[in-house]
Every structure is written in structure tokens, then in C-alpha cells.
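A.B. asks: This structure is in C-alpha cells; I'll ask about it shortly.
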Protein chains: 2
Amino acid sequence: MHKQTTHHHIHTVDSLLKKNQLSVTAGRKKILQLFLDQPGALSHGDIEKSAGEKFDRVTVYRTLQTFVDKGIIHTIPTADNSVRYALCKDDCSEGHHHDHHIHFVCNHCHQTFCLDDVVTPAIKLPRGYSADQVEVVVEGICRNCS
Amino acid sequence: MHKQTTHHHIHTVDSLLKKNQLSVTAGRKKILQLFLDQPGALSHGDIEKSAGEKFDRVTVYRTLQTFVDKGIIHTIPTADNSVRYALCKDDCSEGHHHDHHIHFVCNHCHQTFCLDDVVTPAIKLPRGYSADQVEVVVEGICRNCS
DNA sequence: AATAGTTTTGCAACACTGTTGCTTTTTCTT
DNA sequence: AAGAAAAAGCAACAGTGTTGCAAAACTATT
Ligand SMILES: [Mn+2]
Ligand SMILES: [Mn+2]
Ligand SMILES: [Zn+2]
Ligand SMILES: [Zn+2]
């Protein structure tokens with residue numbers, strides 16, 4: 001029955017998991033598909049809802065952590081203190097993220113987007129401070145809502 | 001016994017509370033003093049530790065929220081998803097914060113600082129997006145640790 | 001200084017989020 | 001198909017933050 005209802009995306013998800021040396025499981029396929037099916041970022045709660053009652057909370061947590069470790073997704077800092085995740089589009093790999101883009105939170109639809117084309121600006125720091133990383137989160141109205 | 005051991009800071013804290021139409025209580029004085037006594041930002045946990053076993057957790061939460069509402073302190077977004085608070089040095093008031101500075105998190109001493117002199121940079125967004133607010137958090141090594 | 005009205009605090013109970021250890025189930029390799 | 005390895009599910013727990021309510025503290029007035 002699986003082969004019948006399977007649609008073309010599955011192949012992408014399967015190979016993406018294999019490329020990252022992860023065993024292909026129902027939970028990982030489902031969660032990865034959720035990220036591929038929409039442009040924004042997802043929280044743990046979003047995923048639990050979207051995935052129905054099918055997966056244990058713990059499995060979702062562990063899957064997300066695995067994806068972060070492998071460089072498949074990255075976390076996004078938010079002002080409201082909730083963790084969100086989005087697909088890495090850059091050349092991130094195991095243990096090394098290179099996401100030098102900014103993030104945008106829409107005050108209307110409350111979605112979070114990676115603006116991959118907007119690089120983080122250089123910041124001129126006072127004497128004595130040195131920067132390792134710069135995180136920029138912009139709040140406002142997104143393209144869909146304006 | 002209070003008048004004897006009182007030191008000069010108390011007057012500042014008292015008047016700061018009164019200026020914001022808040023009744024002067026032991027908890028509020030203590031917490032506000034903690035912010036005035038050091039340059040960085042404080043988390044709820046920091047405050048609970050520093051204040052000893054003297055105040056209930058709930059009181060600390062409510063006091064911090066009251067201070068935020070009054071424009072005495074502001075929250076700082078962090079990548080590790082913990083809420084931190086720092087004194088407002090700008091002209092913030094009840095319901096209106098104007099903290100257009102960036103924040104710095106030291107990877108060595110793990111303190112968070114408001115860099116009040118570094119204004120948030122202008123960000124050129126893609127067509128269709130409009131910005132209400134820009135949050136910048138820089139991670140690196142602070143002046144004390146370099 | 002005592003009183004009355006109002007605000008704040010402490011307490012208990014609860015919801016939500018995330019973690020860990022262990023057993024069962026699934027996946028991968030041969 | 002079978003055995004080894006990995007992941008999922010379950011239960012229990014810790015940490016964080018919230019709410020309702022009664023007791024205590026504070027403020028304004030006499
Ligand atoms: Mn991103
Ligand atoms: Mn600040
Ligand atoms: Zn939107
Ligand atoms: Zn430091």
C-alpha cells in the first residue's frame with residue numbers, strides 16, 4: 001500500500017537522508033517532508049501538530065536534534081524565546097553550519113523566513129570586543145502579507 | 001535599624017520606583033539594585049541566586065514583568081533561548097521601549113551586554129518585506145575577557 | 001500613630017517544554 | 001531470512017513559567 005500512495009517527493013527525502021548517513025525511518029521522512037513542503041521555519045509544536053498523533057514527542061525532539069547535528073536544518077533565534085528550525089540551503093555539513101543570512105519574522109502571519117540572499121551586515125564594535133558570529137532577526141510584514 | 005545600615009544607593013532605587021509609580025517593596029528594591037550594581041544582563045535564574053532564598057520565584061517573575069511594562073528594563077533575545085533582562089538607558093516609558101542598540105554575548109564569561117553606542121544597522125530587505133524592528137545579537141569575546 | 005483601602009507577596013497547583021534511561025520495534029547488513 | 005545496530009516509544013523526571021487565592025505589606029488618610 002505504501003508504494004501505491006507514494007508521491008514523487010519521497011525519493012528526494014530518502015536520498016537526502018541517505019546522503020547524510022541516516023537510516024530512513026517513517027518519522028524522519030515525515031518531518032523532513034514537512035520542511036520541504038513549505039517555505040518558512042517550523043517549531044517543535046508545529047511539527048507535532050502537522051505530524052498528527054503519529055509520533056512520540058521524544059522522537060520529534062531527537063529527530064530535530066539529529067538533523068541539526070547533520071547540518072540539514074538550523075535553529076533560528078527568536079525574540080519570543082521559542083525555538084524554530086529551517087532547512088539549511090547553504091553548504092552546511094556535520095558539525096559545521098554556515099548560515100550567514102538574516103531571519104525575518106512576520107508580525108501578521110507569524111511565520112519565520114530565512115532571507116538567504118540578505119547577508120548579515122558587518123558591525124563596528126567598540127574597542128576590545130571581537131565578534132565570532134552575528135545574528136540578525138528582523139520583525140515586520142512579509143511579502144505574502146503586504 | 002534600617003536607617004543605620006542604609007547606604008546611599010537605596011535613595012536611587014527608591015526614587016526610581018516612585019518615579020514609575022510603583023510601590024516600594026523589599027523585592028523590587030533588591031532586584032532593581034542587582035541591575036544597578038553590575039553592567040551586564042541578568043536572567044531570572046541569576047536573580048533568584050543573587051537574591052538568596054529571600055523571594056518567591058513567582059515574585060521575581062512578576063517583578064521582572066512589571067519592570068518591563070514600566071520601561072525600566074528590557075528583554076534581550078538570545079540564541080540559546082534563555083530570557084535575559086537589562087536596564088533601559090534610553091528614554092523608555094510605560095508601554096514604549098526605544099532600545100535601538102545591539103547586544104553582545106561573550107563566549108568566555110557568558111555575560112550579555114547592551115552596546116548602547118552601537119546602533120542597529122539598516123538592513124536592505126527583498127522587495128515586499130517591510131521592517132518594524134531589527135534585533136542584532138553579536139557573539140564573541142568581550143572587553144573584559146580579551 | 002492607627003485605620004482602611006489597595007497592592008503585592010507567598011503558596012499551591014498546574015501546564016508546557018525538554019531530557020534521560022530503558023525496553024521494544026524497526027532498519028540495515030550479510 | 002537472521003543477526004546486529006539504530007531508532008522509536010514509554011515512563012518518569014527536571015526546569016520554567018503561569019494562575020488563583022489568601023495572607024502580608026504598603027500607601028494614603030485621618
Ligand atoms: Mn535560516
Ligand atoms: Mn539592551
Ligand atoms: Zn506574513
Ligand atoms: Zn567576557
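Residue numbers start at 1 in each chain; chains themselves are named A, B, ... in the order of the C-alpha cells; ligands are numbered from 1 in the order shown.
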For chain B versus ligand 3, which residues have an atom no more than 12 Å away, and what is each residue's nearest atom pair and distance in Å rounded to one decimal, using only C-alpha atoms and all ligand atoms, chain-then-number order, as a tab-separated table?
C.D. replies:
residue	atom	partner	partner_atom_place_in_ligand_line	distance
B:Gly128	CA	ligand 3	1 (Zn)	10.3
B:Tyr129	CA	ligand 3	1 (Zn)	9.0
B:Ser130	CA	ligand 3	1 (Zn)	10.3
B:Ala131	CA	ligand 3	1 (Zn)	11.7
A.B. asks: Would you put the residues from that selection into a file with C-alpha atoms, as a compact mmCIF listing (two decimals), in the first residue's frame?
C.D. replies:
# COMPACT_ATOMS: atom_id res chain seq x y z
CA GLY B 128 7.77 43.05 -0.46
CA TYR B 129 9.23 42.87 3.03
CA SER B 130 8.99 45.79 5.42
CA ALA B 131 10.80 46.02 8.74
A.B. asks: Based on the backbone DSSP call, show me all residues of stretch 28-100 of chain B assigned strand (DSSP E), as number ranges by chain.
C.D. replies: B: 42-43, 73-76, 84-87
A.B. asks: Suppose we keep N, CA, C and O atoms; can you now write the selection as an mmCIF file, in the first residue's frame?
C.D. replies:
data_model
loop_
_atom_site.group_PDB
_atom_site.id
_atom_site.type_symbol
_atom_site.label_atom_id
_atom_site.label_comp_id
_atom_site.auth_asym_id
_atom_site.auth_seq_id
_atom_site.Cartn_x
_atom_site.Cartn_y
_atom_site.Cartn_z
ATOM 1 N N LEU B 42 20.832 40.219 33.230
ATOM 2 C CA LEU B 42 20.541 39.172 34.200
ATOM 3 C C LEU B 42 19.376 38.318 33.740
ATOM 4 O O LEU B 42 18.410 38.828 33.177
ATOM 5 N N SER B 43 19.489 37.033 34.000
ATOM 6 C CA SER B 43 18.370 36.139 33.731
ATOM 7 C C SER B 43 17.552 35.976 35.007
ATOM 8 O O SER B 43 18.008 36.328 36.099
ATOM 9 N N ILE B 73 13.354 47.985 32.512
ATOM 10 C CA ILE B 73 14.277 47.019 31.910
ATOM 11 C C ILE B 73 13.687 46.548 30.582
ATOM 12 O O ILE B 73 12.510 46.763 30.304
ATOM 13 N N HIS B 74 14.555 45.902 29.764
ATOM 14 C CA HIS B 74 14.066 45.322 28.513
ATOM 15 C C HIS B 74 14.597 43.907 28.377
ATOM 16 O O HIS B 74 15.604 43.548 28.976
ATOM 17 N N THR B 75 13.916 43.098 27.593
ATOM 18 C CA THR B 75 14.368 41.731 27.362
ATOM 19 C C THR B 75 15.367 41.714 26.218
ATOM 20 O O THR B 75 15.365 42.586 25.353
ATOM 21 N N ILE B 76 16.212 40.705 26.243
ATOM 22 C CA ILE B 76 17.243 40.556 25.223
ATOM 23 C C ILE B 76 17.091 39.181 24.587
ATOM 24 O O ILE B 76 17.070 38.178 25.295
ATOM 25 N N ARG B 84 16.916 37.085 28.968
ATOM 26 C CA ARG B 84 17.759 37.947 29.790
ATOM 27 C C ARG B 84 17.178 39.353 29.809
ATOM 28 O O ARG B 84 16.475 39.750 28.898
ATOM 29 N N TYR B 85 17.506 40.089 30.886
ATOM 30 C CA TYR B 85 16.973 41.424 31.066
ATOM 31 C C TYR B 85 18.106 42.398 31.347
ATOM 32 O O TYR B 85 19.078 42.039 32.003
ATOM 33 N N ALA B 86 17.952 43.607 30.861
ATOM 34 C CA ALA B 86 18.935 44.647 31.165
ATOM 35 C C ALA B 86 18.228 45.979 31.346
ATOM 36 O O ALA B 86 17.134 46.194 30.820
ATOM 37 N N LEU B 87 18.885 46.869 32.089
ATOM 38 C CA LEU B 87 18.349 48.200 32.329
ATOM 39 C C LEU B 87 18.174 48.947 31.021
ATOM 40 O O LEU B 87 19.020 48.875 30.133
#
A.B. asks: Considering only C-alpha atoms (C1' of nucleotides), return as a ChimeraX atom specification whatever protein or nucleic-acid residues lie within 10 Å of stretch 88-100 of chain A, sequence-local ones (same chain, fewer than 4 positions apart) excluded.
C.D. replies: /A:20,66-75,114-121,133-136
A.B. asks: Can I get the selection written as a tab-separated table (two decimals), in the first residue's frame, with C-alpha atoms?
C.D. replies:
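Dumped to out-v9.tsv:
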chain	number	residue	atom	x	y	z
A	20	ASN	CA	23.64	12.22	5.44
A	66	THR	CA	19.83	14.77	14.64
A	67	PHE	CA	19.00	16.99	11.68
A	68	VAL	CA	20.72	19.96	13.32
A	69	ASP	CA	23.80	17.86	14.06
A	70	LYS	CA	23.95	16.69	10.45
A	71	GLY	CA	23.60	20.19	9.03
A	72	ILE	CA	20.21	19.52	7.45
A	73	ILE	CA	18.37	22.16	9.45
A	74	HIS	CA	19.44	25.05	11.65
A	75	THR	CA	17.91	26.77	14.64
A	114	CYS	CA	15.27	32.67	6.12
A	115	LEU	CA	16.27	35.53	3.85
A	116	ASP	CA	19.09	33.62	2.23
A	117	ASP	CA	20.06	36.47	-0.06
A	118	VAL	CA	20.47	39.05	2.68
A	119	VAL	CA	23.87	38.66	4.27
A	120	THR	CA	24.44	39.70	7.87
A	121	PRO	CA	25.87	43.23	7.97
A	133	GLN	CA	29.03	35.48	14.97
A	134	VAL	CA	26.30	37.99	14.19
A	135	GLU	CA	22.63	37.09	14.41
A	136	VAL	CA	20.06	39.39	12.87
A.B. asks: Residues within 8 Å of ligand 4 (only C-alpha atoms (C1' of nucleotides) and all ligand atoms), as an NGL selection string?
C.D. replies: :B and (105-111 or 141-146)
A.B. asks: Could you give me, as a list in words, the residues within 12 Å of stretch 1-4 of chain C, counting only C-alpha atoms (C1' of nucleotides) and dropping anything in the same chain fewer than 5 positions from it?
C.D. replies: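 Surrounding residues, per the criterion: DT27, DA28, DT29 and DT30 of chain D.
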